[in-house]
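Heads up, start15.txt below (compact mmCIF, C-alpha atoms):
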# COMPACT_ATOMS: atom_id res chain seq x y z
CA LEU B 1 -21.06 12.32 -12.67
CA CYS B 2 -18.51 11.76 -15.45
CA LEU B 3 -17.21 15.32 -15.06
CA THR B 4 -17.03 14.82 -11.29
CA ALA B 5 -14.79 11.78 -11.88
CA LEU B 6 -12.67 13.80 -14.32
CA LEU B 7 -12.13 16.59 -11.77
CA VAL B 8 -11.45 14.15 -8.93
CA GLY B 9 -8.99 12.19 -11.07
CA GLY B 10 -10.88 8.89 -11.14
CA HIS B 11 -12.38 6.58 -13.74
CA VAL B 12 -15.96 5.89 -14.85
CA LEU B 13 -17.82 2.70 -15.74
CA LEU B 14 -20.91 3.26 -17.89
CA GLU B 15 -23.17 0.22 -17.87
CA ASP B 16 -26.23 0.52 -20.05
CA ASN B 17 -28.13 -1.05 -22.90
CA PRO B 18 -26.90 -0.62 -26.50
CA GLY B 19 -27.87 2.62 -28.23
CA THR B 20 -28.21 4.78 -25.11
CA GLY B 21 -25.33 7.09 -26.04
CA LYS B 22 -22.48 5.75 -23.87
CA THR B 23 -19.84 6.21 -26.57
CA GLN B 24 -21.25 9.60 -27.62
CA LEU B 25 -21.07 10.79 -24.01
CA ALA B 26 -17.41 9.76 -23.67
CA ARG B 27 -16.47 11.33 -27.02
CA GLY B 28 -18.46 14.48 -26.18
CA ILE B 29 -16.50 14.95 -22.95
CA ALA B 30 -13.26 14.40 -24.87
CA SER B 31 -14.31 17.01 -27.47
CA SER B 32 -14.99 19.55 -24.70
CA ILE B 33 -11.37 19.38 -23.53
CA SER B 34 -8.28 20.24 -25.58
CA ALA B 35 -6.59 16.97 -24.67
CA SER B 36 -5.64 13.75 -26.42
CA PHE B 37 -8.37 11.11 -26.87
CA LYS B 38 -8.12 7.46 -27.87
CA ARG B 39 -10.79 4.80 -28.26
CA ILE B 40 -10.11 1.12 -27.67
CA GLN B 41 -12.69 -1.33 -28.96
CA PHE B 42 -12.37 -4.35 -26.68
CA THR B 43 -12.72 -7.74 -28.37
CA PRO B 44 -11.94 -11.32 -27.20
CA ASP B 45 -8.72 -11.41 -29.28
CA LEU B 46 -7.35 -8.08 -27.99
CA LEU B 47 -3.93 -8.53 -26.34
CA PRO B 48 -2.45 -6.52 -23.43
CA SER B 49 0.21 -5.18 -25.83
CA ASP B 50 -2.59 -3.82 -28.03
CA VAL B 51 -3.58 -1.63 -25.07
CA VAL B 52 -0.32 -0.56 -23.41
CA GLY B 53 2.12 -0.78 -26.32
CA ILE B 54 5.14 -2.88 -27.32
CA THR B 55 8.94 -2.72 -27.45
CA PHE B 56 10.26 -3.50 -30.93
CA TYR B 57 13.71 -3.64 -32.53
CA ASP B 58 14.33 -0.77 -34.93
CA GLN B 59 16.69 -2.26 -37.54
CA LYS B 60 17.35 1.14 -39.12
CA HIS B 61 18.79 2.62 -35.90
CA GLY B 62 19.91 -0.69 -34.37
CA GLU B 63 18.12 -0.19 -31.04
CA PHE B 64 14.97 -1.16 -29.18
CA GLU B 65 12.16 1.36 -29.22
CA PHE B 66 8.87 1.58 -27.31
CA ARG B 67 5.73 2.14 -29.34
CA GLU B 68 2.94 3.57 -27.18
CA GLY B 69 -0.45 1.88 -27.14
CA PRO B 70 -3.80 3.70 -27.21
CA VAL B 71 -3.84 3.93 -23.41
CA PHE B 72 -1.39 6.85 -23.72
CA ALA B 73 -4.04 9.57 -23.96
CA SER B 74 -5.66 11.94 -21.48
CA ILE B 75 -9.12 10.51 -22.12
CA VAL B 76 -9.37 6.82 -22.98
CA LEU B 77 -12.66 5.26 -24.05
CA ALA B 78 -12.61 1.53 -23.31
CA ASP B 79 -15.61 0.38 -25.34
CA GLU B 80 -17.28 -2.86 -24.20
CA ILE B 81 -14.56 -3.67 -21.67
CA ASN B 82 -16.29 -6.91 -20.67
CA ARG B 83 -15.66 -8.40 -24.14
CA ALA B 84 -11.88 -8.59 -23.60
CA SER B 85 -10.09 -11.45 -21.82
CA PRO B 86 -9.27 -11.06 -18.10
CA LYS B 87 -5.57 -10.68 -18.99
CA THR B 88 -6.28 -7.66 -21.22
CA GLN B 89 -8.73 -6.20 -18.72
CA SER B 90 -6.05 -6.47 -16.02
CA ALA B 91 -3.53 -4.59 -18.21
CA LEU B 92 -5.91 -1.62 -18.48
CA LEU B 93 -6.98 -1.77 -14.82
CA GLU B 94 -3.33 -1.73 -13.74
CA VAL B 95 -2.67 1.45 -15.74
CA MET B 96 -5.79 3.01 -14.21
CA GLU B 97 -4.45 2.35 -10.71
CA GLU B 98 -0.74 3.06 -11.24
CA GLN B 99 -1.08 5.91 -13.80
CA LYS B 100 1.93 4.44 -15.57
CA VAL B 101 2.92 1.55 -17.83
CA THR B 102 5.89 -0.77 -17.30
CA VAL B 103 7.07 -2.70 -20.36
CA ASP B 104 10.29 -4.76 -20.32
CA GLY B 105 11.31 -3.17 -17.02
CA VAL B 106 10.99 0.41 -18.28
CA THR B 107 8.31 2.67 -16.79
CA HIS B 108 6.38 5.15 -18.95
CA ASP B 109 4.03 7.75 -17.43
CA VAL B 110 0.61 8.31 -19.01
CA PRO B 111 -0.34 11.93 -19.82
CA GLN B 112 -2.16 14.03 -17.22
CA PRO B 113 -5.04 14.52 -16.71
CA PHE B 114 -5.82 10.83 -17.25
CA ILE B 115 -9.29 9.29 -17.15
CA VAL B 116 -10.68 6.02 -18.46
CA ILE B 117 -14.35 5.90 -19.41
CA ALA B 118 -15.25 2.24 -19.81
CA THR B 119 -18.54 0.97 -21.19
CA GLN B 120 -20.24 -2.39 -20.94
CA ASN B 121 -23.62 -3.80 -21.93
CA PRO B 122 -25.61 -5.68 -19.27
CA ILE B 123 -27.15 -7.86 -22.00
CA GLU B 124 -25.50 -10.19 -24.56
CA GLN B 125 -23.35 -11.80 -21.88
CA LEU B 126 -22.40 -14.73 -24.15
CA GLY B 127 -18.69 -14.44 -24.97
CA THR B 128 -18.04 -11.75 -22.36
CA TYR B 129 -15.82 -11.73 -19.27
CA LYS B 130 -17.37 -10.10 -16.21
CA LEU B 131 -15.12 -7.65 -14.38
CA PRO B 132 -14.07 -9.17 -11.02
CA GLU B 133 -15.62 -7.53 -7.94
CA ALA B 134 -12.17 -6.63 -6.59
CA GLN B 135 -11.32 -4.87 -9.86
CA MET B 136 -14.59 -2.91 -9.92
CA ASP B 137 -13.18 -0.96 -6.97
CA ARG B 138 -10.76 0.70 -9.43
CA PHE B 139 -13.64 2.71 -10.89
CA LEU B 140 -14.47 5.86 -8.95
CA ILE B 141 -18.04 6.00 -10.28
CA LYS B 142 -20.40 3.53 -11.97
CA THR B 143 -23.48 4.97 -13.63
CA SER B 144 -25.79 4.62 -16.62
CA VAL B 145 -27.16 7.01 -19.21
CA GLY B 146 -30.68 5.58 -19.41
CA TYR B 147 -33.27 6.12 -22.11
CA PRO B 148 -34.25 9.72 -22.95
CA GLY B 149 -37.67 11.07 -22.01
CA HIS B 150 -40.49 11.39 -24.56
CA GLN B 151 -39.93 15.06 -25.47
CA VAL B 152 -36.15 14.64 -25.68
CA SER B 153 -36.66 11.63 -27.96
CA VAL B 154 -38.84 13.73 -30.28
CA ASP B 155 -36.20 16.52 -30.28
CA LEU B 156 -33.53 13.98 -31.20
CA LEU B 157 -35.58 12.84 -34.18
CA ARG B 158 -35.92 16.46 -35.31
CA GLN B 159 -32.10 16.56 -35.43
CA VAL B 160 -31.85 13.31 -37.36
CA ASN B 161 -29.35 14.84 -39.81
CA ILE B 162 -26.73 15.15 -37.04
CA ARG B 163 -25.01 11.78 -37.35
CA ASP B 164 -22.16 12.43 -34.90
CA ARG B 165 -23.37 14.55 -32.00
CA ALA B 166 -19.98 14.46 -30.22
CA GLN B 167 -18.37 16.35 -33.11
CA THR B 168 -20.69 19.33 -32.50
CA VAL B 169 -19.00 19.91 -29.10
CA SER B 170 -16.18 22.47 -28.99
CA PRO B 171 -13.35 22.62 -26.40
CA VAL B 172 -14.07 24.81 -23.37
CA LEU B 173 -11.08 23.72 -21.24
CA ALA B 174 -7.50 22.55 -21.68
CA GLY B 175 -5.82 19.72 -19.79
CA ASP B 176 -4.00 22.22 -17.54
CA ASP B 177 -7.38 23.76 -16.59
CA ILE B 178 -8.57 20.35 -15.36
CA LEU B 179 -5.48 19.99 -13.15
CA ALA B 180 -6.06 23.52 -11.77
CA LEU B 181 -9.72 22.74 -11.01
CA ARG B 182 -8.63 19.62 -9.11
CA GLY B 183 -6.58 21.90 -6.87
CA ILE B 184 -9.70 23.98 -6.12
CA GLY B 185 -11.60 20.83 -5.14
CA GLU B 186 -8.88 19.94 -2.64
CA ARG B 187 -9.49 23.22 -0.78
CA ILE B 188 -13.21 22.56 -0.17
CA HIS B 189 -13.96 22.27 3.56
CA ILE B 190 -15.52 19.11 5.00
CA ASP B 191 -16.87 19.31 8.54
CA ASP B 192 -16.10 16.41 10.90
CA ASN B 193 -19.87 15.73 11.09
CA ILE B 194 -19.87 15.06 7.34
CA LEU B 195 -16.85 12.76 7.63
CA GLU B 196 -18.67 10.86 10.39
CA TYR B 197 -21.71 10.61 8.10
CA ILE B 198 -19.62 9.15 5.25
CA VAL B 199 -18.06 6.57 7.57
CA ARG B 200 -21.50 5.63 8.96
CA ILE B 201 -22.80 5.05 5.42
CA VAL B 202 -19.82 2.85 4.52
CA GLU B 203 -20.09 0.93 7.80
CA ALA B 204 -23.81 0.41 7.16
CA THR B 205 -22.95 -1.45 3.92
CA ARG B 206 -20.98 -3.94 6.01
CA HIS B 207 -23.88 -4.68 8.37
CA ASP B 208 -26.85 -4.70 5.97
CA GLU B 209 -28.61 -8.08 5.83
CA ASN B 210 -28.86 -7.90 2.03
CA ILE B 211 -25.15 -7.21 1.49
CA ALA B 212 -22.60 -10.04 1.60
CA ILE B 213 -19.52 -7.84 1.13
CA GLY B 214 -19.60 -4.14 2.07
CA SER B 215 -17.58 -1.20 0.82
CA SER B 216 -13.91 -0.84 1.67
CA MET B 217 -12.21 2.36 2.87
CA ARG B 218 -11.48 3.09 -0.78
CA GLY B 219 -15.21 3.71 -1.16
CA ALA B 220 -15.22 6.17 1.77
CA LEU B 221 -12.25 8.06 0.31
CA ALA B 222 -13.91 8.16 -3.12
CA LEU B 223 -17.16 9.49 -1.64
CA THR B 224 -15.24 12.21 0.24
CA ARG B 225 -13.31 13.34 -2.84
CA CYS B 226 -16.42 13.37 -5.04
CA ALA B 227 -18.46 15.30 -2.46
CA ARG B 228 -15.88 18.12 -2.50
CA ILE B 229 -16.10 18.46 -6.29
CA TRP B 230 -19.92 18.23 -6.13
CA ALA B 231 -19.95 21.11 -3.60
CA ALA B 232 -17.52 23.21 -5.68
CA SER B 233 -19.68 22.75 -8.80
CA ASP B 234 -22.58 24.17 -6.77
CA GLY B 235 -20.49 27.25 -5.91
CA ARG B 236 -19.94 26.28 -2.28
CA GLY B 237 -16.69 26.17 -0.32
CA TYR B 238 -18.04 23.49 2.02
CA VAL B 239 -19.74 20.07 1.75
CA VAL B 240 -23.34 19.49 2.92
CA PRO B 241 -25.01 16.11 3.61
CA ASP B 242 -26.98 16.28 0.33
CA ASP B 243 -23.69 16.22 -1.61
CA VAL B 244 -22.92 12.86 -0.02
CA LYS B 245 -26.46 11.51 -0.53
CA ASP B 246 -26.50 12.56 -4.21
CA LEU B 247 -23.30 10.62 -4.90
CA ALA B 248 -23.61 7.57 -2.62
CA VAL B 249 -25.30 5.27 -5.15
CA ALA B 250 -22.91 6.09 -8.04
CA VAL B 251 -19.80 5.80 -5.85
CA LEU B 252 -20.70 2.80 -3.66
CA SER B 253 -23.13 0.53 -5.54
CA HIS B 254 -20.41 -1.24 -7.57
CA ARG B 255 -18.25 -1.74 -4.46
CA ILE B 256 -20.73 -4.03 -2.67
CA LYS B 257 -21.85 -7.60 -3.32
CA LEU B 258 -25.40 -8.68 -2.52
CA THR B 259 -26.26 -11.95 -0.80
CA ALA B 260 -27.59 -14.77 -2.97
CA GLU B 261 -31.02 -14.38 -1.32
CA ALA B 262 -31.18 -10.65 -2.10
CA THR B 263 -30.14 -11.24 -5.71
CA PHE B 264 -32.73 -14.02 -6.05
CA ALA B 265 -35.38 -11.66 -4.64
CA GLY B 266 -34.60 -9.22 -7.48
CA LEU B 267 -32.86 -6.54 -5.42
CA THR B 268 -30.22 -4.38 -7.11
CA THR B 269 -27.18 -2.74 -5.53
CA ASP B 270 -28.55 0.71 -6.42
CA GLU B 271 -31.85 0.03 -4.60
CA THR B 272 -30.01 -1.41 -1.61
CA ILE B 273 -27.80 1.69 -1.20
CA SER B 274 -30.82 4.00 -1.66
CA ARG B 275 -32.81 2.15 1.05
CA MET B 276 -29.83 2.17 3.37
CA LEU B 277 -29.43 5.95 3.06
CA GLU B 278 -32.91 6.35 4.55
CA THR B 279 -31.79 4.61 7.76
CA VAL B 280 -28.45 6.41 8.34
CA PRO B 281 -28.94 9.56 10.49
CA VAL B 282 -28.20 12.77 8.56
CA PRO B 283 -26.05 15.29 10.47
CA SER B 284 -27.05 18.93 10.74
CA LEU B 285 -24.34 21.46 9.89
CA GLY B 286 -23.01 23.31 12.90
CA ALA B 287 -24.35 20.63 15.27
Exercise: express the given structure as structure tokens:
Amino acid sequence: LCLTALLVGGHVLLEDNPGTGKTQLARGIASSISASFKRIQFTPDLLPSDVVGITFYDQKHGEFEFREGPVFASIVLADEINRASPKTQSALLEVMEEQKVTVDGVTHDVPQPFIVIATQNPIEQLGTYKLPEAQMDRFLIKTSVGYPGHQVSVDLLRQVNIRDRAQTVSPVLAGDDILALRGIGERIHIDDNILEYIVRIVEATRHDENIAIGSSMRGALALTRCARIWAASDGRGYVVPDDVKDLAVAVLSHRIKLTAEATFAGLTTDETISRMLETVPVPSLGA
């Protein structure tokens, strides 16, 4: 899912418990690409200028100079994004949307490809600032790593001497390769039946009794773009309904808001989207 976001040109939100490997995953992806990588540890006292950079007066040369912040990298890991103040969160979210930074009226482009992998813990909410629902839409995909299975856990313990797993990953692509692969994804064919299916799914989120606010058109566009990359990764030049179904939860679950009754009943957005997919008619190719 993270690689799908990278090839689409979107951003990822990893929400999971501490110690599940969120940071290692982000650093591992960065290590697999010959591109710049920066990590920002979000804290309550982090300022917007600590993220985007500052303009300072260089006394030696007698002129103002812009010093880039850590957001000027191809892959940016925003660790524990919900610990920063809303003002600092907004500074990062604006760069994610605009793909550029404006400081003192001067615009600076971020390097391409550009992806933000943000992490947040669902527990320890004391002293954290929840991302606003409207801002969550900026993330192409929201997913979690989850706990490893029993056998994988045993294998990890056998490799206990490897302290930094991300460092064992070697580059297999350059930044230019990522941009070229994005071009391939744009040439994947999507039948009108599939487009109808995507729209029906998004419209269903607006009429579900458990959902207070459904997905916007941004969600439909995101699902379409991701489905093309998903199909290409499977070696196909066309999208099938399963591509859409596989991605619907990761692409749409953070774009909806449940009713108070549904939340009180213990329903999650992931479960709601999964149930809804069972009711939306699946098109047959060539029909």
Quick one: residues within 12 Å of range 254-271 of chain B, all atoms listed in the file, excluding same-chain residues fewer than 4 positions away - as a ChimeraX atom specification? /B:12-15,131-144,202-220,222-223,247-250,275-278
Point (-10.0, -11.7, -14.8) neighbourhood (9 Å, all atoms listed in the file) written as JSON, numbers by chain: {"B": [85, 86, 87, 88, 89, 90, 129, 130, 131, 132, 135]}
Could you name the residues that touch Gln112 in chain B at 10 Å or less, counting all atoms listed in the file, but leaving out those on the same chain fewer than 4 positions away, as a ChimeraX atom specification? /B:9,35-36,72-75,99,175-176,178-179
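Closest approach to Val52 in chain B among B:Glu94, B:Val101, B:Ala84, B:Trp230 is made by B:Val101 (distances from only C-alpha atoms).
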Residue neighbourhood Ala166 in chain B, 10 Å, all atoms listed in the file, exclusion window fewer than 3 positions, as a PyMOL selection string: chain B and resi 23-32+162-163+169-170
Take the residues from that selection and put them in a file with C-alpha atoms, as a PDB file, in the frame of the given file.
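Ended up saving to part11.pdb:
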ATOM      1  CA  THR B  23     -19.840   6.210 -26.570  1.00  0.00           C
ATOM      2  CA  GLN B  24     -21.250   9.600 -27.620  1.00  0.00           C
ATOM      3  CA  LEU B  25     -21.070  10.790 -24.010  1.00  0.00           C
ATOM      4  CA  ALA B  26     -17.410   9.760 -23.670  1.00  0.00           C
ATOM      5  CA  ARG B  27     -16.470  11.330 -27.020  1.00  0.00           C
ATOM      6  CA  GLY B  28     -18.460  14.480 -26.180  1.00  0.00           C
ATOM      7  CA  ILE B  29     -16.500  14.950 -22.950  1.00  0.00           C
ATOM      8  CA  ALA B  30     -13.260  14.400 -24.870  1.00  0.00           C
ATOM      9  CA  SER B  31     -14.310  17.010 -27.470  1.00  0.00           C
ATOM     10  CA  SER B  32     -14.990  19.550 -24.700  1.00  0.00           C
ATOM     11  CA  ILE B 162     -26.730  15.150 -37.040  1.00  0.00           C
ATOM     12  CA  ARG B 163     -25.010  11.780 -37.350  1.00  0.00           C
ATOM     13  CA  VAL B 169     -19.000  19.910 -29.100  1.00  0.00           C
ATOM     14  CA  SER B 170     -16.180  22.470 -28.990  1.00  0.00           C
TER      15      SER B 170
END
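Using only C-alpha atoms, the nearest neighbour of Thr55 in chain B within the list B:Leu6, B:Val103, B:Ile229, B:Ala118 is B:Val103.
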Using all atoms of range 230-245 of chain B that appear in the file, construct an axis-aligned enclosing box with 3 Å of padding on every side and provide its centre coordinates and edge lengths in Å, rounded to one decimal, as AutoDock Vina command-line options.
--center_x -21.8 --center_y 19.4 --center_z -2.6 --size_x 16.3 --size_y 21.7 --size_z 18.4
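The two atoms in question, CA of Ala180 in chain B and CA of Lys100 in chain B, are spaced 21.0 Å apart.
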Distance CA of Asn82 in chain B-CA of Asp50 in chain B, one decimal place? 15.9 Å
Pairwise distance for CA of Ser49 in chain B and CA of Asp104 in chain B, rounded to one decimal in Å: 11.5 Å
I'd like the contact shell of Gly237 in chain B - 12 Å cut-off, all atoms listed in the file, skipping same-chain residues fewer than 6 positions apart - returned as a PyMOL selection string. chain B and resi 184-191+227-231
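Taking only C-alpha atoms into account, Asp79 in chain B lies nearest to B:Ile40 out of the set B:Leu46, B:Ile40, B:Ile54, B:Val251.
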Which residue gives the smallest distance to Arg67 in chain B among B:Val51, B:Ile194, B:Val280, B:Ile201, with only C-alpha atoms counted? B:Val51
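For the set B:Val95, B:Leu77, B:Val282, B:Thr119, the residue with the smallest atom-to-atom gap to Thr107 in chain B is B:Val95, counting all atoms listed in the file.
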